[in-house]
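Pasted below: input-v6.cif, mmCIF, C-alpha atoms.
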```
data_work
#
loop_
_atom_site.label_atom_id
_atom_site.label_comp_id
_atom_site.auth_asym_id
_atom_site.auth_seq_id
_atom_site.Cartn_x
_atom_site.Cartn_y
_atom_site.Cartn_z
CA MET A 11 26.12 7.49 -0.54
CA ASP A 12 22.65 7.34 -2.09
CA SER A 13 20.18 9.99 -0.97
CA TYR A 14 17.60 7.52 0.28
CA LYS A 15 19.94 6.52 3.11
CA PHE A 16 19.62 9.99 4.69
CA ILE A 17 16.04 9.67 5.89
CA TRP A 18 16.21 10.40 9.64
CA THR A 19 13.46 8.85 11.69
CA VAL A 20 12.97 7.97 15.34
CA LYS A 21 9.82 6.17 16.44
CA VAL A 22 8.15 6.36 19.83
CA MET A 23 4.98 4.97 21.30
CA GLN A 24 2.15 7.46 21.85
CA ALA A 25 -0.57 6.07 24.17
CA TYR A 26 -1.73 2.81 22.54
CA PHE A 27 -0.37 3.33 19.06
CA TRP A 28 2.79 4.02 17.12
CA THR A 29 3.73 7.41 15.84
CA ILE A 30 6.93 9.09 14.96
CA PHE A 31 8.83 11.84 16.64
CA LEU A 32 11.93 13.27 15.04
CA ALA A 33 13.85 15.23 17.68
CA LEU A 34 14.82 18.71 16.52
CA TRP A 35 13.97 17.61 12.97
CA LEU A 36 11.73 20.51 12.11
CA THR A 37 14.46 23.00 12.98
CA ALA A 38 17.43 21.17 11.53
CA CYS A 39 15.69 20.17 8.31
CA SER A 40 13.40 23.12 7.68
CA SER A 41 14.88 23.57 4.21
CA MET A 42 13.94 20.10 3.02
CA THR A 43 11.08 19.86 0.54
CA GLU A 44 9.91 16.35 1.44
CA PRO A 45 10.10 15.62 5.16
CA VAL A 46 8.83 12.09 5.71
CA THR A 47 8.51 9.69 8.60
CA ASP A 48 8.63 5.92 8.68
CA LEU A 49 6.22 3.73 10.64
CA PHE A 50 8.21 0.54 10.27
CA GLY A 51 11.31 -0.79 11.94
CA GLU A 52 12.41 -1.85 15.39
CA ASP A 53 12.22 0.42 18.41
CA ASP A 54 12.66 -0.36 22.08
CA ASN A 55 9.74 1.94 22.95
CA LEU A 56 7.15 0.12 20.87
CA PRO A 57 4.68 -2.13 22.71
CA ASP A 58 5.52 -5.81 22.73
CA PRO A 59 3.77 -7.63 19.88
CA SER A 60 1.06 -10.06 20.88
CA PRO A 61 2.27 -13.65 21.04
CA LEU A 62 0.85 -16.07 18.50
CA VAL A 63 -2.31 -17.66 19.85
CA GLU A 64 -2.97 -21.37 19.68
CA PHE A 65 -5.97 -22.56 17.67
CA THR A 66 -7.16 -25.61 15.75
CA PRO A 67 -6.79 -24.94 12.01
CA SER A 68 -9.99 -25.43 10.03
CA LEU A 69 -8.69 -24.40 6.60
CA ALA A 70 -6.11 -26.45 4.72
CA ILE A 71 -3.62 -24.35 2.74
CA THR A 72 -1.61 -25.84 -0.14
CA GLU A 73 1.60 -24.21 -1.33
CA LEU A 74 1.68 -24.35 -5.13
CA TRP A 75 5.18 -22.98 -5.54
CA SER A 76 7.77 -20.70 -3.94
CA GLU A 77 10.77 -18.79 -5.27
CA SER A 78 13.28 -16.37 -3.82
CA ILE A 79 15.02 -13.28 -5.19
CA SER A 80 17.76 -11.11 -3.75
CA ARG A 81 16.34 -8.38 -1.53
CA ASP A 82 18.42 -6.26 0.82
CA ASP A 83 15.88 -3.54 1.59
CA GLU A 84 13.83 -5.16 4.31
CA GLU A 85 14.79 -2.46 6.83
CA LEU A 86 13.69 0.32 4.45
CA VAL A 87 10.13 1.27 3.56
CA PHE A 88 9.30 1.04 -0.12
CA ASN A 89 6.14 0.10 -1.95
CA LEU A 90 7.72 -2.86 -3.73
CA SER A 91 4.89 -5.34 -3.95
CA LEU A 92 3.73 -7.96 -6.43
CA THR A 93 1.63 -7.85 -9.58
CA SER A 94 0.01 -10.71 -11.44
CA SER A 95 -1.09 -10.35 -15.06
CA SER A 96 -1.03 -12.25 -18.38
CA ASN A 97 -0.15 -15.52 -16.61
CA LYS A 98 2.88 -13.91 -14.97
CA VAL A 99 3.81 -12.88 -11.43
CA VAL A 100 6.31 -10.01 -11.34
CA VAL A 101 8.30 -8.61 -8.41
CA ALA A 102 11.13 -6.09 -8.04
CA ASN A 103 13.76 -5.15 -5.48
CA HIS A 104 15.25 -1.79 -4.51
CA GLU A 105 18.53 -2.51 -6.28
CA GLY A 106 16.66 -2.38 -9.62
CA GLU A 107 16.16 -6.06 -10.39
CA VAL A 108 12.79 -7.07 -11.86
CA THR A 109 11.82 -10.74 -12.12
CA ALA A 110 8.86 -12.46 -13.80
CA PHE A 111 7.63 -15.94 -12.88
CA ASP A 112 5.11 -18.22 -14.54
CA GLN A 113 1.86 -17.78 -12.64
CA ALA A 114 1.05 -21.48 -12.54
CA SER A 115 4.44 -23.12 -11.98
CA GLY A 116 6.68 -20.44 -10.52
CA GLN A 117 9.27 -20.98 -13.24
CA GLU A 118 11.41 -17.90 -13.84
CA LEU A 119 10.56 -16.41 -17.24
CA TRP A 120 12.90 -13.43 -17.33
CA GLN A 121 14.95 -11.15 -15.13
CA ILE A 122 16.37 -7.72 -15.93
CA GLU A 123 18.49 -5.05 -14.26
CA THR A 124 17.03 -1.56 -14.58
CA ASN A 125 19.99 0.30 -13.00
CA VAL A 126 17.44 2.37 -11.08
CA LEU A 127 16.90 2.42 -7.31
CA LEU A 128 13.29 1.23 -7.33
CA SER A 129 10.83 2.37 -4.67
CA ALA A 130 7.36 1.45 -6.02
CA GLY A 131 5.85 -1.28 -8.14
CA PRO A 132 5.52 -3.11 -10.25
CA SER A 133 1.95 -2.51 -11.35
CA SER A 134 0.64 -3.75 -14.67
CA TYR A 135 -1.79 -2.91 -17.44
CA ASP A 136 -2.15 -3.97 -21.08
CA ASP A 137 1.08 -6.02 -21.21
CA LYS A 138 3.07 -3.19 -19.64
CA LEU A 139 4.79 -2.88 -16.27
CA PHE A 140 5.16 0.35 -14.30
CA LEU A 141 7.78 1.06 -11.63
CA GLY A 142 8.73 4.15 -9.64
CA GLY A 143 12.20 5.15 -8.53
CA SER A 144 13.71 6.76 -5.43
CA ASN A 145 14.96 9.64 -7.56
CA GLY A 146 11.63 10.22 -9.31
CA GLU A 147 12.02 7.86 -12.26
CA LEU A 148 8.99 6.29 -13.92
CA LEU A 149 9.90 3.13 -15.83
CA VAL A 150 7.59 1.43 -18.32
CA LEU A 151 8.60 -2.11 -19.30
CA ASP A 152 7.26 -4.76 -21.65
CA LEU A 153 5.54 -7.37 -19.48
CA ASN A 154 6.52 -10.15 -21.90
CA ASN A 155 10.29 -9.72 -21.74
CA GLY A 156 11.19 -6.83 -19.38
CA GLN A 157 12.44 -4.57 -22.17
CA GLN A 158 12.22 -0.88 -21.30
CA LEU A 159 9.68 0.93 -23.47
CA TRP A 160 10.20 4.45 -22.13
CA GLN A 161 11.22 6.40 -19.05
CA ALA A 162 10.03 9.68 -17.54
CA HIS A 163 11.12 11.67 -14.52
CA LEU A 164 9.40 13.48 -11.67
CA ASN A 165 11.26 15.70 -9.20
CA SER A 166 10.34 13.62 -6.16
CA GLU A 167 10.52 10.02 -4.97
CA ILE A 168 7.70 7.78 -6.17
CA LEU A 169 6.19 5.49 -3.52
CA ALA A 170 2.65 5.22 -4.90
CA LEU A 171 1.98 2.53 -7.48
CA PRO A 172 1.54 4.02 -10.95
CA VAL A 173 -1.85 3.11 -12.46
CA ALA A 174 -2.92 3.04 -16.11
CA ALA A 175 -6.14 3.12 -18.13
CA GLN A 176 -7.55 4.64 -21.31
CA GLY A 177 -4.20 5.29 -22.95
CA MET A 178 -2.51 7.01 -20.01
CA VAL A 179 -0.57 6.25 -16.84
CA ILE A 180 -1.06 8.28 -13.64
CA VAL A 181 1.83 8.76 -11.22
CA LYS A 182 1.80 10.41 -7.77
CA ALA A 183 5.03 11.56 -6.13
CA THR A 184 5.71 12.06 -2.42
CA ASN A 185 5.69 15.86 -2.82
CA GLY A 186 1.99 15.82 -3.76
CA LYS A 187 2.45 16.15 -7.52
CA VAL A 188 0.33 13.98 -9.82
CA VAL A 189 1.28 13.61 -13.50
CA ALA A 190 -0.52 11.87 -16.38
CA PHE A 191 1.60 10.46 -19.20
CA ASN A 192 0.70 9.09 -22.61
CA LEU A 193 0.87 5.32 -22.24
CA GLU A 194 2.64 4.73 -25.54
CA ASN A 195 5.31 7.42 -25.69
CA GLY A 196 5.58 9.04 -22.24
CA GLN A 197 4.36 12.47 -23.30
CA ARG A 198 3.09 14.57 -20.37
CA LEU A 199 -0.63 15.16 -20.70
CA TRP A 200 -1.52 17.03 -17.51
CA GLN A 201 -0.42 17.52 -13.92
CA TYR A 202 -1.96 18.39 -10.57
CA GLN A 203 -0.42 19.49 -7.28
CA GLN A 204 -1.56 19.43 -3.65
CA SER A 205 0.14 21.37 -0.86
CA LEU A 206 1.34 19.04 1.86
CA PRO A 207 2.14 19.72 5.53
CA LEU A 208 5.71 20.07 6.74
CA LEU A 209 5.78 16.61 8.29
CA ILE A 210 4.21 13.61 6.57
CA LEU A 211 4.30 9.84 6.82
CA ARG A 212 6.44 7.91 4.37
CA GLY A 213 3.31 6.75 2.61
CA SER A 214 2.23 5.03 -0.54
CA SER A 215 -1.45 5.83 -1.17
CA SER A 216 -1.81 5.09 -4.87
CA PRO A 217 -4.17 6.61 -7.46
CA VAL A 218 -7.37 4.71 -8.24
CA ILE A 219 -9.00 4.96 -11.67
CA ASP A 220 -12.74 4.46 -12.00
CA GLU A 221 -14.15 5.07 -15.48
CA ASP A 222 -13.47 8.78 -16.13
CA ARG A 223 -12.23 9.61 -12.61
CA VAL A 224 -8.91 9.47 -10.82
CA LEU A 225 -9.17 9.28 -7.02
CA LEU A 226 -6.23 10.42 -4.90
CA GLY A 227 -5.60 10.52 -1.16
CA PHE A 228 -3.05 13.01 0.17
CA ALA A 229 -0.99 13.57 3.32
CA ASN A 230 -3.03 16.67 4.17
CA GLY A 231 -6.11 14.51 4.80
CA LYS A 232 -7.85 15.40 1.52
CA LEU A 233 -9.46 13.03 -0.97
CA VAL A 234 -9.65 14.40 -4.50
CA ALA A 235 -11.39 13.23 -7.67
CA LEU A 236 -9.91 14.42 -10.97
CA ASN A 237 -11.17 14.10 -14.53
CA LEU A 238 -9.03 11.39 -16.09
CA GLN A 239 -8.72 13.11 -19.46
CA ASP A 240 -7.57 16.58 -18.42
CA GLY A 241 -6.89 16.51 -14.64
CA ALA A 242 -9.68 18.97 -13.80
CA VAL A 243 -10.94 18.76 -10.22
CA LEU A 244 -14.36 17.08 -10.01
CA TRP A 245 -14.58 17.31 -6.23
CA GLU A 246 -12.39 17.63 -3.16
CA THR A 247 -13.33 16.35 0.31
CA THR A 248 -11.57 16.80 3.63
CA ILE A 249 -11.40 13.36 5.25
CA ALA A 250 -9.31 14.28 8.28
CA ILE A 251 -8.61 17.60 10.04
CA PRO A 252 -5.23 18.03 11.78
CA ARG A 253 -5.50 18.43 15.56
CA GLY A 254 -2.97 18.95 18.31
CA ARG A 255 -0.07 21.28 19.00
CA SER A 256 2.87 19.37 17.55
CA GLU A 257 3.47 18.40 13.94
CA VAL A 258 3.42 14.75 15.00
CA GLU A 259 0.01 15.08 16.64
CA ARG A 260 -1.29 16.78 13.49
CA LEU A 261 -0.39 13.92 11.14
CA VAL A 262 -3.58 12.90 9.28
CA ASP A 263 -2.12 11.27 6.20
CA ILE A 264 -4.25 9.23 3.86
CA ASN A 265 -1.51 6.66 3.65
CA ALA A 266 -3.53 3.73 2.27
CA THR A 267 -5.00 3.45 -1.21
CA PRO A 268 -8.75 4.21 -1.39
CA VAL A 269 -11.10 1.33 -2.21
CA ILE A 270 -14.19 1.62 -4.41
CA ASN A 271 -17.18 -0.68 -3.92
CA ASN A 272 -20.74 -0.20 -5.14
CA SER A 273 -20.25 3.50 -6.07
CA VAL A 274 -18.79 4.32 -2.65
CA VAL A 275 -15.18 5.25 -1.90
CA TYR A 276 -13.76 3.93 1.36
CA VAL A 277 -10.65 5.59 2.73
CA SER A 278 -8.68 5.53 5.98
CA ALA A 279 -6.57 8.28 7.54
CA TYR A 280 -3.88 8.15 10.20
CA GLN A 281 -4.96 9.42 13.64
CA SER A 282 -8.45 10.01 12.27
CA HIS A 283 -11.29 8.04 10.69
CA VAL A 284 -12.36 5.40 8.23
CA THR A 285 -14.69 7.27 5.90
CA ALA A 286 -17.27 6.37 3.26
CA VAL A 287 -17.65 8.92 0.45
CA ASP A 288 -20.14 9.08 -2.42
CA LEU A 289 -18.15 8.42 -5.61
CA SER A 290 -20.10 10.87 -7.77
CA THR A 291 -20.29 13.88 -5.45
CA GLY A 292 -17.60 13.51 -2.79
CA VAL A 293 -20.20 13.81 -0.02
CA VAL A 294 -19.22 12.04 3.20
CA LEU A 295 -21.72 9.27 3.97
CA TRP A 296 -20.35 8.15 7.32
CA GLN A 297 -17.18 8.08 9.42
CA LYS A 298 -15.88 5.65 12.02
CA GLU A 299 -13.13 6.67 14.44
CA ILE A 300 -10.45 4.16 13.47
CA SER A 301 -6.88 5.21 12.71
CA SER A 302 -5.20 3.25 9.97
CA TYR A 303 -2.19 3.71 7.73
CA GLN A 304 -2.07 0.10 6.47
CA GLY A 305 -5.32 0.02 4.51
CA LEU A 306 -8.58 -1.76 3.94
CA ASP A 307 -10.52 -4.00 1.60
CA ALA A 308 -14.21 -4.14 0.78
CA THR A 309 -16.78 -6.53 -0.58
CA TRP A 310 -20.55 -6.37 -0.83
CA GLY A 311 -21.91 -5.18 2.52
CA ARG A 312 -18.64 -5.37 4.44
CA LEU A 313 -15.49 -3.37 4.96
CA TYR A 314 -12.33 -4.79 6.52
CA VAL A 315 -9.66 -2.59 8.09
CA SER A 316 -6.23 -3.13 9.69
CA ASP A 317 -5.79 -0.33 12.21
CA GLN A 318 -2.58 1.30 13.46
CA ASP A 319 -2.45 -1.06 16.46
CA SER A 320 -2.84 -4.11 14.18
CA VAL A 321 -6.40 -4.80 15.25
CA VAL A 322 -8.55 -6.14 12.40
CA TRP A 323 -12.05 -4.65 12.09
CA ALA A 324 -15.10 -5.77 10.14
CA LEU A 325 -17.58 -2.95 9.51
CA ASP A 326 -20.99 -2.73 7.93
CA SER A 327 -20.16 -0.85 4.73
CA SER A 328 -23.54 0.91 4.70
CA ASN A 329 -23.14 2.72 8.03
CA GLY A 330 -19.76 1.85 9.61
CA SER A 331 -21.19 -0.16 12.51
CA VAL A 332 -18.78 -2.72 13.97
CA LEU A 333 -19.49 -6.37 13.13
CA TRP A 334 -16.44 -7.85 14.83
CA GLN A 335 -12.87 -7.11 15.94
CA GLN A 336 -9.82 -9.37 16.08
CA ASP A 337 -7.25 -8.02 18.56
CA LYS A 338 -5.03 -11.10 18.93
CA LEU A 339 -2.57 -9.66 16.38
CA LYS A 340 -2.11 -6.40 18.27
CA TYR A 341 1.22 -4.64 17.65
CA ARG A 342 2.32 -7.32 15.15
CA GLN A 343 2.60 -4.67 12.40
CA ILE A 344 0.12 -6.40 10.13
CA SER A 345 -0.50 -5.59 6.50
CA ALA A 346 -3.74 -4.38 5.01
CA PRO A 347 -6.26 -7.22 4.69
CA ALA A 348 -6.88 -9.15 1.49
CA ILE A 349 -10.18 -10.90 0.80
CA TRP A 350 -9.75 -14.49 -0.35
CA GLY A 351 -13.12 -16.17 -0.85
CA ASP A 352 -14.73 -16.59 2.55
CA TYR A 353 -11.53 -15.60 4.32
CA LEU A 354 -9.44 -12.59 5.19
CA VAL A 355 -5.62 -12.73 5.01
CA VAL A 356 -3.05 -10.41 6.64
CA GLY A 357 0.73 -10.66 6.92
CA ASP A 358 2.82 -9.62 9.93
CA PHE A 359 6.32 -8.46 10.91
CA GLU A 360 7.56 -12.02 11.53
CA GLY A 361 6.46 -13.18 8.09
CA TYR A 362 3.32 -15.09 9.02
CA LEU A 363 0.16 -15.08 6.95
CA HIS A 364 -2.92 -15.17 9.20
CA TYR A 365 -6.16 -16.48 7.73
CA LEU A 366 -9.39 -15.28 9.37
CA ASN A 367 -13.01 -16.28 8.91
CA ARG A 368 -14.71 -13.26 7.33
CA ASN A 369 -17.92 -13.88 9.27
CA ASP A 370 -16.53 -13.64 12.78
CA GLY A 371 -12.76 -12.96 12.60
CA THR A 372 -11.69 -16.28 14.11
CA PHE A 373 -8.38 -17.78 13.03
CA VAL A 374 -8.64 -20.66 10.57
CA ALA A 375 -5.02 -21.08 9.39
CA ARG A 376 -1.48 -19.69 9.72
CA VAL A 377 1.52 -20.07 7.41
CA LEU A 378 5.11 -18.83 7.83
CA VAL A 379 6.25 -17.27 4.56
CA ASP A 380 9.25 -14.98 5.10
CA ASP A 381 11.02 -14.41 8.42
CA LYS A 382 11.95 -10.87 7.33
CA GLY A 383 8.28 -9.92 7.48
CA ILE A 384 5.33 -9.14 5.21
CA ARG A 385 4.30 -5.51 4.72
CA HIS A 386 2.06 -5.65 1.67
CA PRO A 387 -1.21 -7.57 1.47
CA PRO A 388 -1.31 -10.72 -0.64
CA VAL A 389 -2.65 -10.54 -4.19
CA VAL A 390 -5.54 -12.82 -5.19
CA MET A 391 -5.82 -13.95 -8.80
CA GLU A 392 -8.17 -16.72 -9.98
CA ASP A 393 -8.52 -18.24 -6.49
CA VAL A 394 -4.74 -18.33 -5.97
CA LEU A 395 -3.13 -16.16 -3.30
CA TYR A 396 0.32 -14.70 -4.05
CA VAL A 397 2.55 -13.03 -1.46
CA TYR A 398 5.92 -11.25 -1.61
CA GLY A 399 7.90 -10.98 1.64
CA GLN A 400 10.49 -8.43 2.74
CA GLY A 401 13.24 -11.04 2.44
CA GLY A 402 12.47 -11.72 -1.24
CA GLU A 403 10.30 -14.81 -0.76
CA VAL A 404 7.55 -15.23 -3.36
CA HIS A 405 4.83 -17.82 -2.65
CA ALA A 406 1.61 -19.03 -4.29
CA PHE A 407 -1.10 -20.73 -2.23
CA SER A 408 -4.40 -22.41 -2.90
CA MET A 409 -7.10 -23.75 -0.60
CA ALA A 410 -7.06 -27.50 -0.32
CA PRO A 411 -10.28 -29.23 -1.51
#
```

Show me, as structure tokens, the structure contained in the file I just sent.
Amino acid sequence: MDSYKFIWTVKVMQAYFWTIFLALWLTACSSMTEPVTDLFGEDDNLPDPSPLVEFTPSLAITELWSESISRDDEELVFNLSLTSSSNKVVVANHEGEVTAFDQASGQELWQIETNVLLSAGPSSYDDKLFLGGSNGELLVLDLNNGQQLWQAHLNSEILALPVAAQGMVIVKATNGKVVAFNLENGQRLWQYQQSLPLLILRGSSSPVIDEDRVLLGFANGKLVALNLQDGAVLWETTIAIPRGRSEVERLVDINATPVINNSVVYVSAYQSHVTAVDLSTGVVLWQKEISSYQGLDATWGRLYVSDQDSVVWALDSSNGSVLWQQDKLKYRQISAPAIWGDYLVVGDFEGYLHYLNRNDGTFVARVLVDDKGIRHPPVVMEDVLYVYGQGGEVHAFSMAP
């Protein structure tokens, strides 16, 4: 049986939010190098999800196309999302199948079998695709035809999306190791390691490249900026400090990918804060007590966050003050938000896309996409919104005139 099937997790409710408690896990599994927990899945102890509210739609959504691929991993947590580049939309499943569709029509362009248990990706850059494997594989494929260009290996599962720029690709593994590879031949250029706590979330915070910096969030609550060329530490900032007596109470993972806007880094931590950090120095500018593992999105003057209870927040990005909250999706296990023009879009565990007015958080539209659920935020490219559901449904939407 494959090793990924041996992840033991039990979820319980803690006050008004979800957390994970693994009975006797720390004793029985003390020899494991990568203890992880999983925030998704069904549990009788979780609060009942909010029912869908009635409203009068004020935004017309047009489906441009939809396709479906085989996907049998909806009960498992992987960072298998969607990428759109060079007029193609590309998705992958855990069994190793990668499929490319025409961005405009949805016509299948190619499909390949990698023979790797995939756990992250694809991401794309410069006509190349990057995927991570459950056994630490990094695959680099040709975006035009799916042909494998090269493969590398890390000694830990890859859940973070690999990112590339300036002739290199940066990969972060679940054990806290970060490795930079030559984009053309896979040669290792440098590596960096963070020490992680004994118990961590099964997270997927991905590297972010900004000019000559690589920004990385870790399960120990630290945000680090490295020099892109040699991996030297530029600054390190503690975003969240573990508190409590148990390992569960002390979880402060930076589980979501940091967002950069106007020379400020915005980052969220589980059981802690949303934090704004100066990009150049790492100095904390402000913090707001909101716990989030899903993630956030930012635009000029505003920051949007999905918290651990599935409440959507709009914050003033200059000081963290609350502009509005939308709590009608509470406990619906929503995705991180995606900004689409004047609207905000989140997916939920039943496979609905919810469209919110960015000014006040009111609902303007709702579309059912995939009844297996939506974990990852939609991707917006050239005014078209693409979404990939847990059941393998791929959809493209536009706003009606």

Can you give me, as a list in words, the residues this file yields under the PyMOL selection byres ((chain A and resi 394) around 9)?
Leu74, Trp350, Val389, Val390, Met391, Glu392, Asp393, Leu395, Tyr396, Ala406, Phe407, Ser408 and Met409 of chain A

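Note that atom CA of Asp112 of chain A and atom CA of Glu194 of chain A are 25.6 Å apart.
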
To one decimal place in Å, what is the distance between atom CA of Arg342 of chain A and atom CA of His364 of chain A?
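So the answer is 11.2 Å.
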
So what does the PyMOL selection byres ((chain A and resi 357) around 7) actually pick up in this one, as a PyMOL selection string?
chain A and resi 344-345+355-356+358+361-364+384-385+387

Output C-alpha atoms for every residue in that selection, as a short mmCIF file (atom, residue, chain, number, x, y, z; two decimals), in the coordinates of the input.
```
data_model
loop_
_atom_site.label_atom_id
_atom_site.label_comp_id
_atom_site.auth_asym_id
_atom_site.auth_seq_id
_atom_site.Cartn_x
_atom_site.Cartn_y
_atom_site.Cartn_z
CA ILE A 344 0.12 -6.40 10.13
CA SER A 345 -0.50 -5.59 6.50
CA VAL A 355 -5.62 -12.73 5.01
CA VAL A 356 -3.05 -10.41 6.64
CA ASP A 358 2.82 -9.62 9.93
CA GLY A 361 6.46 -13.18 8.09
CA TYR A 362 3.32 -15.09 9.02
CA LEU A 363 0.16 -15.08 6.95
CA HIS A 364 -2.92 -15.17 9.20
CA ILE A 384 5.33 -9.14 5.21
CA ARG A 385 4.30 -5.51 4.72
CA PRO A 387 -1.21 -7.57 1.47
#
```

Please compute the atom CA of Ser134 of chain A-atom CA of Val100 of chain A distance, one decimal, in Å.
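Going from atom CA of Ser134 of chain A over to atom CA of Val100 of chain A covers 9.1 Å.
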
Could you tell me which residues the PyMOL selection byres ((chain A and resi 379-381) around 10) grabs in this file, written as an MDAnalysis selection string?
chainID A and resid 76 78 357:363 376:378 382:384 397:405

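For Asn272 of chain A, the non-local neighbours within 12 Å, defined as residues at least 4 positions apart in the same chain or in other chains and counting all atoms listed in the file, are Asp220, Tyr276, Ala286, Val287, Asp288, Leu289, Ser290, Ala308, Thr309, Trp310, Gly311, Arg312, Leu313, Ser327 and Ser328 of chain A.
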
Which residue out of A:Val284, A:Ile79, A:Leu139, A:Val332 has the minimum interatomic distance to Asn265 of chain A when only C-alpha atoms are used?
A:Val284

From the list A:Val108, A:Ala175, A:Leu141, A:Ala375, which residue is nearest Gln161 of chain A when using all atoms listed in the file?
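With all atoms listed in the file as the atom set, the closest residue is A:Leu141.
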
Excluding Ala174 of chain A and its own-chain neighbours fewer than 4 positions away, which residues fall within 9 Å of it when counting all atoms listed in the file? Please give them as a ChimeraX atom specification.
/A:133-136,140,178-181,193,219

So that I can see what lies close to Leu128 of chain A, please list as a JSON list (two decimals) with C-alpha atoms, in the coordinates of the input the residues with an atom at most 8 Å from it, counting all atoms listed in the file and leaving out residues fewer than 4 positions away in the same chain.
```json
[["chain", "number", "residue", "atom", "x", "y", "z"],
["A", 90, "LEU", "CA", 7.72, -2.86, -3.73],
["A", 102, "ALA", "CA", 11.13, -6.09, -8.04],
["A", 103, "ASN", "CA", 13.76, -5.15, -5.48],
["A", 104, "HIS", "CA", 15.25, -1.79, -4.51],
["A", 105, "GLU", "CA", 18.53, -2.51, -6.28],
["A", 106, "GLY", "CA", 16.66, -2.38, -9.62],
["A", 141, "LEU", "CA", 7.78, 1.06, -11.63],
["A", 142, "GLY", "CA", 8.73, 4.15, -9.64],
["A", 143, "GLY", "CA", 12.20, 5.15, -8.53],
["A", 144, "SER", "CA", 13.71, 6.76, -5.43]]
```

12 Å contact set for Val243 of chain A, all atoms listed in the file, chain neighbours under 3 positions out, as number ranges by chain
A: 201-204, 222-226, 233-240, 246-247, 291-292

Could you give me, as a PyMOL selection string, the residues that sit within 8 Å of (-3.0, 16.9, -18.4) in the file's coordinates, counting all atoms listed in the file?
chain A and resi 189-191+198-201+239-241
